[in-house]
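Structure data (compact mmCIF, C-alpha atoms and all ligand atoms) from my_file_19.txt:
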# COMPACT_ATOMS: atom_id res chain seq x y z
CA MET A 1 3.83 -8.47 -68.23
CA ILE A 2 3.61 -9.99 -64.76
CA HIS A 3 3.99 -7.39 -62.01
CA PRO A 4 6.50 -8.66 -59.37
CA PHE A 5 4.59 -9.64 -56.26
CA VAL A 6 4.59 -11.09 -52.77
CA PHE A 7 1.63 -13.27 -51.83
CA PRO A 8 1.30 -13.14 -48.04
CA GLY A 9 -0.79 -16.34 -47.82
CA LEU A 10 -4.22 -16.86 -46.33
CA SER A 11 -4.40 -17.31 -42.59
CA THR A 12 -8.17 -17.00 -42.12
CA ARG A 13 -10.29 -20.13 -42.48
CA VAL A 14 -13.43 -19.42 -44.56
CA VAL A 15 -16.70 -21.37 -44.50
CA PHE A 16 -19.15 -20.20 -47.19
CA GLY A 17 -22.66 -21.38 -48.04
CA HIS A 18 -26.34 -21.40 -47.12
CA GLY A 19 -27.23 -22.33 -43.54
CA THR A 20 -23.59 -22.28 -42.45
CA LEU A 21 -24.54 -20.49 -39.22
CA ALA A 22 -25.13 -24.02 -37.92
CA ALA A 23 -21.39 -24.65 -38.29
CA VAL A 24 -20.43 -21.96 -35.73
CA PRO A 25 -20.43 -24.29 -32.67
CA GLU A 26 -18.18 -26.72 -34.56
CA GLU A 27 -15.83 -23.88 -35.57
CA VAL A 28 -15.58 -22.67 -31.96
CA ALA A 29 -14.77 -26.22 -30.86
CA ARG A 30 -12.26 -26.60 -33.68
CA LEU A 31 -10.35 -23.60 -32.28
CA GLY A 32 -10.24 -25.44 -28.94
CA HIS A 33 -12.63 -23.06 -27.18
CA SER A 34 -15.63 -23.70 -24.99
CA ARG A 35 -17.01 -20.28 -23.92
CA ALA A 36 -17.83 -17.82 -26.71
CA LEU A 37 -19.07 -14.29 -26.08
CA VAL A 38 -21.51 -13.54 -28.93
CA LEU A 39 -21.37 -9.93 -30.16
CA SER A 40 -23.92 -7.90 -32.14
CA THR A 41 -25.44 -4.47 -32.53
CA PRO A 42 -28.61 -3.71 -30.50
CA GLN A 43 -30.57 -4.16 -33.78
CA GLN A 44 -29.33 -7.75 -34.19
CA GLU A 45 -29.58 -8.79 -30.53
CA GLU A 46 -32.32 -11.38 -31.16
CA GLN A 47 -30.19 -13.07 -33.83
CA ALA A 48 -27.22 -13.06 -31.44
CA LYS A 49 -29.32 -14.64 -28.69
CA ALA A 50 -30.55 -17.32 -31.10
CA LEU A 51 -26.94 -18.07 -32.08
CA ALA A 52 -25.97 -18.25 -28.38
CA ALA A 53 -28.79 -20.75 -27.89
CA THR A 54 -27.43 -23.00 -30.65
CA LEU A 55 -23.96 -22.73 -29.06
CA GLY A 56 -25.50 -24.14 -25.86
CA GLU A 57 -22.80 -24.67 -23.26
CA ARG A 58 -20.23 -23.16 -25.60
CA ALA A 59 -21.93 -19.74 -25.21
CA ALA A 60 -20.61 -17.59 -22.38
CA GLY A 61 -23.11 -14.78 -23.02
CA VAL A 62 -24.25 -12.06 -25.42
CA PHE A 63 -22.99 -8.48 -25.67
CA ALA A 64 -25.27 -6.53 -28.01
CA GLY A 65 -23.73 -3.07 -27.72
CA ALA A 66 -21.67 -2.80 -30.94
CA VAL A 67 -21.94 0.58 -32.70
CA MET A 68 -20.28 2.18 -35.71
CA HIS A 69 -16.60 3.26 -35.59
CA THR A 70 -15.70 1.09 -32.56
CA PRO A 71 -15.72 3.63 -29.69
CA VAL A 72 -13.15 2.63 -27.05
CA ASP A 73 -15.62 2.99 -24.17
CA VAL A 74 -17.89 0.35 -25.79
CA THR A 75 -14.86 -1.93 -26.19
CA GLU A 76 -14.05 -1.50 -22.49
CA ALA A 77 -17.62 -2.43 -21.52
CA ALA A 78 -17.46 -5.47 -23.82
CA ILE A 79 -14.13 -6.60 -22.31
CA ALA A 80 -15.65 -6.30 -18.82
CA ALA A 81 -18.48 -8.58 -20.01
CA PHE A 82 -15.94 -10.95 -21.66
CA ARG A 83 -14.11 -11.31 -18.31
CA ALA A 84 -17.26 -11.43 -16.15
CA HIS A 85 -18.63 -14.31 -18.27
CA GLY A 86 -15.31 -16.17 -18.29
CA ALA A 87 -15.29 -16.13 -22.10
CA ASP A 88 -12.38 -17.59 -24.07
CA CYS A 89 -13.26 -16.37 -27.61
CA VAL A 90 -15.70 -14.09 -29.45
CA VAL A 91 -18.28 -14.77 -32.15
CA SER A 92 -19.12 -11.53 -34.01
CA LEU A 93 -22.47 -11.65 -35.80
CA GLY A 94 -23.19 -8.60 -37.97
CA GLY A 95 -21.65 -5.95 -40.19
CA GLY A 96 -18.40 -4.04 -39.88
CA SER A 97 -19.41 -2.44 -36.59
CA THR A 98 -19.73 -5.78 -34.82
CA THR A 99 -16.62 -7.20 -36.48
CA GLY A 100 -14.75 -4.08 -35.33
CA LEU A 101 -15.77 -4.68 -31.72
CA GLY A 102 -14.61 -8.30 -31.92
CA LYS A 103 -11.26 -7.17 -33.34
CA ALA A 104 -10.82 -4.56 -30.59
CA ILE A 105 -11.45 -7.25 -27.94
CA ALA A 106 -9.06 -9.66 -29.68
CA LEU A 107 -6.32 -7.04 -29.85
CA ARG A 108 -6.52 -6.39 -26.10
CA THR A 109 -7.15 -9.93 -24.79
CA GLY A 110 -5.65 -12.24 -27.44
CA ALA A 111 -9.09 -13.86 -27.90
CA ASP A 112 -9.73 -15.83 -31.09
CA GLN A 113 -12.53 -14.56 -33.35
CA VAL A 114 -15.19 -16.33 -35.37
CA VAL A 115 -16.88 -13.71 -37.58
CA VAL A 116 -20.27 -14.13 -39.21
CA PRO A 117 -20.61 -11.15 -41.61
CA THR A 118 -24.10 -9.95 -42.52
CA THR A 119 -23.17 -6.96 -44.73
CA TYR A 120 -20.67 -6.53 -47.59
CA ALA A 121 -18.41 -4.00 -45.75
CA GLY A 122 -15.51 -6.43 -45.70
CA SER A 123 -13.84 -6.00 -42.30
CA GLU A 124 -13.75 -9.73 -41.62
CA MET A 125 -10.73 -10.70 -43.78
CA THR A 126 -8.52 -7.79 -42.70
CA ASP A 127 -5.93 -6.98 -40.05
CA ILE A 128 -7.28 -3.41 -39.88
CA LEU A 129 -9.03 -1.82 -36.90
CA GLY A 130 -10.44 1.71 -36.83
CA GLU A 131 -11.34 2.98 -33.35
CA THR A 132 -12.71 6.24 -31.98
CA ALA A 133 -11.79 7.98 -28.75
CA ALA A 134 -12.46 11.63 -27.84
CA GLY A 135 -14.10 12.19 -31.22
CA GLU A 136 -11.05 11.10 -33.21
CA LYS A 137 -10.80 7.97 -35.34
CA THR A 138 -7.46 6.19 -35.66
CA THR A 139 -6.69 3.14 -37.75
CA ARG A 140 -4.04 0.49 -37.22
CA ARG A 141 -2.95 -2.78 -38.78
CA ASP A 142 -1.74 -5.69 -36.66
CA PRO A 143 -1.71 -9.45 -37.32
CA ALA A 144 -3.44 -9.95 -33.93
CA ILE A 145 -6.50 -8.16 -35.35
CA ARG A 146 -7.13 -10.64 -38.19
CA PRO A 147 -9.98 -13.07 -37.41
CA GLU A 148 -9.21 -16.80 -37.25
CA VAL A 149 -12.47 -17.99 -38.87
CA VAL A 150 -15.09 -16.34 -41.09
CA VAL A 151 -18.44 -18.08 -41.57
CA TYR A 152 -20.36 -16.60 -44.52
CA ASP A 153 -24.02 -17.60 -44.39
CA VAL A 154 -25.88 -16.29 -47.45
CA ASP A 155 -29.23 -16.77 -45.65
CA LEU A 156 -28.33 -14.05 -43.11
CA THR A 157 -28.01 -11.47 -45.88
CA LEU A 158 -31.58 -11.98 -47.13
CA THR A 159 -32.76 -9.37 -44.60
CA LEU A 160 -30.26 -6.70 -45.62
CA PRO A 161 -32.36 -3.66 -46.69
CA VAL A 162 -32.01 -2.76 -50.39
CA GLY A 163 -30.43 0.63 -49.59
CA LEU A 164 -27.71 -0.90 -47.41
CA THR A 165 -27.27 -3.73 -49.93
CA VAL A 166 -26.35 -1.18 -52.61
CA THR A 167 -24.15 1.11 -50.50
CA SER A 168 -22.41 -1.80 -48.77
CA ALA A 169 -21.64 -3.36 -52.17
CA LEU A 170 -20.17 -0.07 -53.43
CA ASN A 171 -18.13 0.10 -50.20
CA ALA A 172 -16.77 -3.35 -51.13
CA ILE A 173 -16.08 -2.35 -54.76
CA ALA A 174 -13.99 0.54 -53.41
CA HIS A 175 -11.61 -2.02 -51.84
CA ALA A 176 -11.31 -3.78 -55.21
CA MET A 177 -10.81 -0.49 -57.07
CA GLU A 178 -7.92 0.65 -54.88
CA GLY A 179 -6.53 -2.89 -54.91
CA PHE A 180 -5.99 -2.69 -58.69
CA TYR A 181 -3.36 0.06 -58.35
CA ALA A 182 -1.94 -0.87 -54.92
CA PRO A 183 1.86 -1.26 -55.18
CA ASP A 184 1.59 -4.45 -53.07
CA ARG A 185 -1.21 -6.03 -55.15
CA ASN A 186 -0.86 -9.70 -56.08
CA PRO A 187 -2.50 -12.00 -58.65
CA VAL A 188 -4.91 -13.45 -56.08
CA THR A 189 -6.28 -10.05 -55.07
CA GLU A 190 -6.43 -8.96 -58.72
CA ALA A 191 -8.31 -12.07 -59.86
CA LEU A 192 -10.76 -12.02 -56.97
CA SER A 193 -11.36 -8.29 -57.39
CA ARG A 194 -12.19 -8.76 -61.08
CA GLU A 195 -14.59 -11.62 -60.26
CA ALA A 196 -16.13 -9.60 -57.44
CA MET A 197 -16.96 -6.59 -59.61
CA VAL A 198 -18.68 -8.76 -62.22
CA ALA A 199 -20.62 -10.58 -59.49
CA PHE A 200 -21.80 -7.31 -57.90
CA ARG A 201 -22.66 -5.85 -61.32
CA ASP A 202 -24.89 -8.83 -62.07
CA ALA A 203 -26.36 -9.28 -58.59
CA LEU A 204 -27.35 -5.73 -57.61
CA PRO A 205 -29.98 -5.09 -60.30
CA VAL A 206 -31.59 -8.42 -59.37
CA LEU A 207 -31.52 -7.60 -55.64
CA MET A 208 -33.17 -4.23 -56.24
CA GLN A 209 -36.20 -6.06 -57.60
CA HIS A 210 -35.95 -9.27 -55.53
CA PRO A 211 -33.98 -8.64 -52.30
CA GLN A 212 -34.47 -12.26 -51.24
CA ASP A 213 -33.14 -13.85 -54.43
CA ALA A 214 -30.86 -16.52 -52.97
CA GLY A 215 -28.66 -16.84 -56.06
CA ALA A 216 -27.99 -13.11 -56.33
CA ARG A 217 -27.39 -12.91 -52.57
CA ALA A 218 -24.81 -15.72 -52.88
CA GLN A 219 -23.09 -13.89 -55.76
CA ALA A 220 -22.99 -10.65 -53.75
CA LEU A 221 -21.62 -12.28 -50.60
CA PHE A 222 -18.98 -14.11 -52.63
CA ALA A 223 -18.03 -10.76 -54.16
CA ALA A 224 -17.83 -9.20 -50.69
CA TRP A 225 -15.39 -11.94 -49.65
CA GLY A 226 -13.17 -11.19 -52.66
CA CYS A 227 -13.14 -7.47 -51.90
CA SER A 228 -12.51 -8.07 -48.20
CA LEU A 229 -9.57 -10.34 -48.99
CA THR A 230 -8.14 -7.61 -51.21
CA LEU A 231 -8.58 -4.99 -48.47
CA GLY A 232 -6.83 -7.33 -46.05
CA GLN A 233 -3.77 -7.91 -48.23
CA VAL A 234 -2.93 -4.63 -49.96
CA SER A 235 -2.61 -0.95 -49.13
CA MET A 236 -5.38 1.54 -49.76
CA ALA A 237 -4.98 5.16 -50.89
CA LEU A 238 -6.99 8.34 -51.60
CA HIS A 239 -10.46 6.80 -51.62
CA HIS A 240 -10.17 5.23 -48.16
CA LYS A 241 -8.43 8.32 -46.81
CA LEU A 242 -11.26 10.62 -47.94
CA ALA A 243 -13.96 8.28 -46.62
CA HIS A 244 -12.12 8.19 -43.30
CA VAL A 245 -11.96 12.01 -43.14
CA LEU A 246 -15.65 12.45 -43.97
CA GLY A 247 -16.72 9.72 -41.52
CA GLY A 248 -14.29 10.59 -38.72
CA SER A 249 -14.35 14.40 -38.79
CA PHE A 250 -17.85 15.11 -40.17
CA GLY A 251 -19.81 12.09 -38.88
CA LEU A 252 -20.99 10.99 -42.33
CA PRO A 253 -22.42 7.44 -42.57
CA HIS A 254 -19.83 4.82 -43.57
CA ALA A 255 -21.27 2.82 -46.48
CA GLU A 256 -23.12 5.77 -48.07
CA THR A 257 -19.99 7.93 -48.01
CA HIS A 258 -17.96 5.22 -49.75
CA ALA A 259 -20.74 4.87 -52.31
CA VAL A 260 -20.85 8.58 -53.17
CA LEU A 261 -17.06 9.02 -53.29
CA LEU A 262 -16.22 5.93 -55.35
CA PRO A 263 -16.75 7.27 -58.91
CA HIS A 264 -14.90 10.49 -58.06
CA THR A 265 -11.83 8.96 -56.40
CA THR A 266 -11.65 6.44 -59.24
CA ALA A 267 -11.73 9.23 -61.84
CA PHE A 268 -9.14 11.24 -59.91
CA ASN A 269 -6.55 8.45 -60.14
CA GLU A 270 -7.61 6.91 -63.46
CA ASP A 271 -5.16 8.68 -65.77
CA SER A 272 -2.22 8.13 -63.41
CA VAL A 273 -2.32 4.33 -63.32
CA GLY A 274 -1.82 3.29 -66.94
CA GLY A 275 -4.44 0.67 -67.73
CA LEU A 276 -4.72 -0.72 -64.20
CA LEU A 277 -8.37 0.30 -63.90
CA ASP A 278 -9.32 -1.30 -67.24
CA PRO A 279 -11.08 -4.20 -65.46
CA ILE A 280 -13.54 -1.59 -64.16
CA VAL A 281 -14.06 -0.17 -67.66
CA ARG A 282 -14.65 -3.69 -69.00
CA THR A 283 -17.14 -4.43 -66.20
CA PHE A 284 -19.14 -1.20 -66.07
CA GLY A 285 -18.69 0.27 -69.58
CA GLU A 286 -18.82 3.99 -70.49
CA GLY A 287 -15.19 3.89 -71.69
CA ARG A 288 -13.95 5.37 -68.40
CA ALA A 289 -13.71 3.71 -64.96
CA GLY A 290 -15.01 6.68 -62.93
CA ALA A 291 -17.90 7.38 -65.29
CA GLY A 292 -18.74 3.67 -65.52
CA LEU A 293 -19.04 3.42 -61.74
CA TRP A 294 -21.07 6.66 -61.58
CA HIS A 295 -23.63 5.37 -64.11
CA PHE A 296 -23.79 1.97 -62.41
CA ALA A 297 -24.27 3.51 -58.94
CA SER A 298 -27.00 5.76 -60.32
CA SER A 299 -28.74 2.82 -62.04
CA VAL A 300 -28.96 0.86 -58.77
CA GLY A 301 -30.36 3.79 -56.81
CA ALA A 302 -27.25 4.63 -54.77
CA PRO A 303 -26.98 8.02 -53.05
CA MET A 304 -25.02 10.27 -55.45
CA ARG A 305 -24.46 13.51 -53.50
CA LEU A 306 -22.51 14.27 -50.32
CA ALA A 307 -25.04 17.08 -49.91
CA ASP A 308 -27.67 14.41 -49.18
CA LEU A 309 -25.55 12.73 -46.48
CA GLY A 310 -25.46 15.71 -44.13
CA LEU A 311 -22.34 17.52 -45.35
CA SER A 312 -22.76 21.26 -45.88
CA SER A 313 -21.00 23.27 -48.58
CA SER A 314 -19.16 25.22 -45.88
CA ASP A 315 -17.49 21.93 -44.79
CA LEU A 316 -15.80 21.35 -48.15
CA ASP A 317 -12.79 23.62 -47.60
CA ARG A 318 -12.05 22.10 -44.22
CA ALA A 319 -12.49 18.54 -45.56
CA ALA A 320 -10.00 19.27 -48.36
CA GLU A 321 -7.62 20.78 -45.85
CA ILE A 322 -7.78 17.79 -43.46
CA ALA A 323 -7.46 15.30 -46.32
CA THR A 324 -4.29 16.94 -47.64
CA ARG A 325 -2.68 17.87 -44.30
CA ASN A 326 -0.47 14.77 -44.07
CA PRO A 327 1.09 13.22 -47.16
CA TYR A 328 0.22 9.59 -47.99
CA ALA A 329 0.87 7.22 -50.89
CA ASN A 330 -1.45 7.64 -53.88
CA PRO A 331 -0.84 7.09 -57.62
CA ARG A 332 -1.59 10.75 -58.45
CA THR A 333 -0.05 13.54 -56.43
CA ILE A 334 -2.58 14.85 -53.98
CA ASP A 335 -3.05 18.60 -54.14
CA ARG A 336 -5.53 20.68 -52.20
CA ASP A 337 -7.20 22.22 -55.27
CA GLY A 338 -7.65 18.86 -56.97
CA ILE A 339 -9.21 17.34 -53.82
CA ARG A 340 -11.41 20.41 -53.35
CA ARG A 341 -12.72 19.98 -56.93
CA LEU A 342 -13.28 16.25 -56.37
CA LEU A 343 -15.25 17.00 -53.20
CA GLN A 344 -17.35 19.64 -54.99
CA ASP A 345 -18.25 17.14 -57.74
CA ALA A 346 -19.15 14.53 -55.11
CA PHE A 347 -21.11 17.15 -53.15
CA ASP A 348 -23.14 18.10 -56.24
CA GLY A 349 -23.41 14.53 -57.58
CA ARG A 350 -21.89 15.44 -60.97
CA CYS A 351 -20.63 12.65 -63.20
CA PRO A 352 -16.81 12.74 -63.22
CA ASP A 353 -15.20 13.38 -66.65
P1 LIG A 401 -22.93 -1.81 -39.59
O1 LIG A 401 -22.16 -2.99 -39.13
O2 LIG A 401 -22.92 -0.60 -38.70
O3 LIG A 401 -24.42 -2.23 -39.88
C1 LIG A 401 -25.38 -1.23 -40.20
C2 LIG A 401 -26.74 -1.62 -39.61
O4 LIG A 401 -27.29 -2.69 -40.35
C3 LIG A 401 -26.66 -2.10 -38.15
O5 LIG A 401 -27.79 -1.64 -37.46
C4 LIG A 401 -26.72 -3.60 -38.29
O6 LIG A 401 -27.22 -4.25 -37.14
C5 LIG A 401 -27.64 -3.76 -39.49
N1 LIG A 401 -27.48 -5.00 -40.25
C6 LIG A 401 -26.33 -5.61 -40.56
N2 LIG A 401 -26.56 -6.70 -41.29
C7 LIG A 401 -27.89 -6.80 -41.45
C8 LIG A 401 -28.73 -7.72 -42.11
N3 LIG A 401 -28.23 -8.75 -42.81
N4 LIG A 401 -30.06 -7.52 -42.07
C9 LIG A 401 -30.57 -6.44 -41.42
N5 LIG A 401 -29.82 -5.52 -40.78
C10 LIG A 401 -28.49 -5.71 -40.79
O7 LIG A 401 -22.45 -1.30 -41.04
P2 LIG A 401 -21.27 -1.76 -42.01
O8 LIG A 401 -21.33 -0.84 -43.16
O9 LIG A 401 -21.29 -3.22 -42.24
O10 LIG A 401 -19.94 -1.48 -41.16
C11 LIG A 401 -19.44 -0.16 -40.97
C12 LIG A 401 -18.33 -0.17 -39.95
O11 LIG A 401 -17.36 -1.14 -40.32
C13 LIG A 401 -17.58 1.16 -39.86
O12 LIG A 401 -17.31 1.43 -38.50
C14 LIG A 401 -16.32 0.91 -40.64
O13 LIG A 401 -15.25 1.74 -40.22
C15 LIG A 401 -16.06 -0.55 -40.35
N6 LIG A 401 -15.26 -1.24 -41.39
C16 LIG A 401 -14.01 -1.66 -41.03
C17 LIG A 401 -13.22 -2.34 -41.95
C18 LIG A 401 -11.87 -2.85 -41.53
O14 LIG A 401 -11.21 -3.58 -42.26
N7 LIG A 401 -11.40 -2.49 -40.35
C19 LIG A 401 -13.70 -2.59 -43.25
C20 LIG A 401 -14.97 -2.14 -43.59
C21 LIG A 401 -15.76 -1.47 -42.64
Give the structure from this file in structure tokens form.
Amino acid sequence: MIHPFVFPGLSTRVVFGHGTLAAVPEEVARLGHSRALVLSTPQQEEQAKALAATLGERAAGVFAGAVMHTPVDVTEAAIAAFRAHGADCVVSLGGGSTTGLGKAIALRTGADQVVVPTTYAGSEMTDILGETAAGEKTTRRDPAIRPEVVVYDVDLTLTLPVGLTVTSALNAIAHAMEGFYAPDRNPVTEALSREAMVAFRDALPVLMQHPQDAGARAQALFAAWGCSLTLGQVSMALHHKLAHVLGGSFGLPHAETHAVLLPHTTAFNEDSVGGLLDPIVRTFGEGRAGAGLWHFASSVGAPMRLADLGLSSSDLDRAAEIATRNPYANPRTIDRDGIRRLLQDAFDGRCPD
């Protein structure tokens, strides 16, 4: 049976391939702009400067201060640089942290964004921005946040460390997983999410042995695009809520936290969604979606325990309390005891089911 759906359309232009970084000047010009502020983290500053050099006169400058969770004071410093350089658009080169900074600038100035993603986190195709101020992270959705152009260059992902490759891919799979049971899912997000899981399943074992395998890198980046598109079109539920709580209130690292939680949040909802998670069972085996993801994550060397990410057992009660304080949509009713058990399993690294 076909589930009734609304397909919101695709407003972001996507350029995908090897060596596509060279297309960035053309994409900036295509948007009608002539002074791009290039953004990056401090770790990717040299890459950002090299990109600014290829932009030539179309580069207004480089701001290499992006950090995780988009702190508002960093955004304010970046906007001061944007104005001081007379910039008319941003080019964000990096993972979700850099994309987040570009989105925060766009939201406040109306600047167009060209995003060049170098991880699989998947912020680039979404209208979502999470920001932190005074130690609190808030998330909003707004059409003004969605980037105009995304340039995927497989070559830039060859340097992604194996650990981040694995956790970032599991972060992406989490978007696909929650997309399968989202009430506003559509056939495009479902098809791309199915393709993406298969691509990640096949690519990750290869990348563990050969991190520079160009074919596997292309598969993984294509999969990241599919998961990002899903995240950008449909609503998320328990998994993203829990990851947000553990990142925002306990300072746990983003991709690793998603990786550890994924099998457990999947198992929590599995019996409440009919067969909607069957594509995961077909992709990862084990007869159950949560268990299939747990065995896959373990086989590719992912972190398996919240205990190893800096959470302490005395935090679990408070995490369960924060995660259940405000009601939100989820296929299975969220109760404090159930979430506390889920967190304990994730803390200990036990296989769900
Ligand atoms: P990140 O952007 O913080 O990158 C992690 C580190 O890896 C950084 O030091 C970065 O410079 C480095 N790095 C990135 N690509 C590299 C490469 N190819 N080679 C070598 N080093 C590289 O991490 P992330 O997981 O991509 O992003 C996490 C952030 O993104 C969080 O703040 C999260 O909230 C946000 N996010 C937002 C959305 C959204 O839709 N709003 C979606 C996903 C993630």
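Neighbours of ligand LIG 401 (chain A) at a cut-off of 6 Å, computed so that all atoms listed in the file are counted, are the residues A:Thr41, A:Gln43, A:Gln44, A:Met68, A:His69, A:Gly94, A:Gly95, A:Gly96, A:Ser97, A:Thr98, A:Thr118, A:Thr119, A:Ala121, A:Gly122, A:Ser123, A:Thr126, A:Ile128, A:Leu129, A:Gly130, A:Leu156, A:Thr157, A:Thr159, A:Leu160, A:Ser168, A:His254, A:Ala255.
Across the model, the gap from atom CA of A:Ala59 to atom CA of A:Thr20 is 17.5 Å.
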All residues 12 Å or closer to A:Ala53, only C-alpha atoms, same chain fewer than 4 positions away omitted, as a PyMOL selection string: chain A and resi 22+24-25+36-38+46-49+57-62
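Picture a line from atom CA of A:Val188 to atom CA of A:Phe7; it runs 7.8 Å.
Minimum atom-to-atom distance to A:Ala297, evaluated using all atoms listed in the file, belongs to A:Arg201 out of A:His244, A:Arg201, A:Arg194, A:Arg325.
Counting from atom CA of A:Pro352, the distance to atom CA of A:Trp294 is 7.6 Å.
Minimum atom-to-atom distances from A:Ala323, A:Val166, A:Ala196, A:Ala218 to A:Ser298 were compared using only C-alpha atoms, and the lowest value belongs to A:Val166.
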Nearest candidate to A:Ser312 (options A:Ala64, A:Leu343, A:Ile145, A:Ala176; using only C-alpha atoms): A:Leu343
Contact residues around stretch 258-275 of chain A with all atoms listed in the file at 9 Å, ignoring same-chain residues under 5 positions, as a PyMOL selection string: chain A and resi 166-174+177-178+181+238-240+242-243+253+288-295+297+302-306+330-332+338-339+342-343+345-347+349+351-353
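For the choices A:Thr12, A:Ser249, A:Thr283, A:Ser193, the atom-to-atom distance to A:Val149 is smallest for A:Thr12 when using all atoms listed in the file.
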The residue from A:Leu231, A:Met1, A:Leu55, A:Pro211 with the smallest atom-to-atom distance to A:Arg141, counting all atoms listed in the file, is A:Leu231
Write out as a ChimeraX atom specification which residues come within 10 Å of A:Leu21 when counting all atoms listed in the file, dropping same-chain ones fewer than 2 positions away. /A:15-19,23-25,51,54,93,116,151-156
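Each of A:Leu277, A:Phe250, A:Leu31, A:Arg282 was compared to A:Ser314 using all atoms listed in the file, and A:Phe250 turns out to be the nearest.
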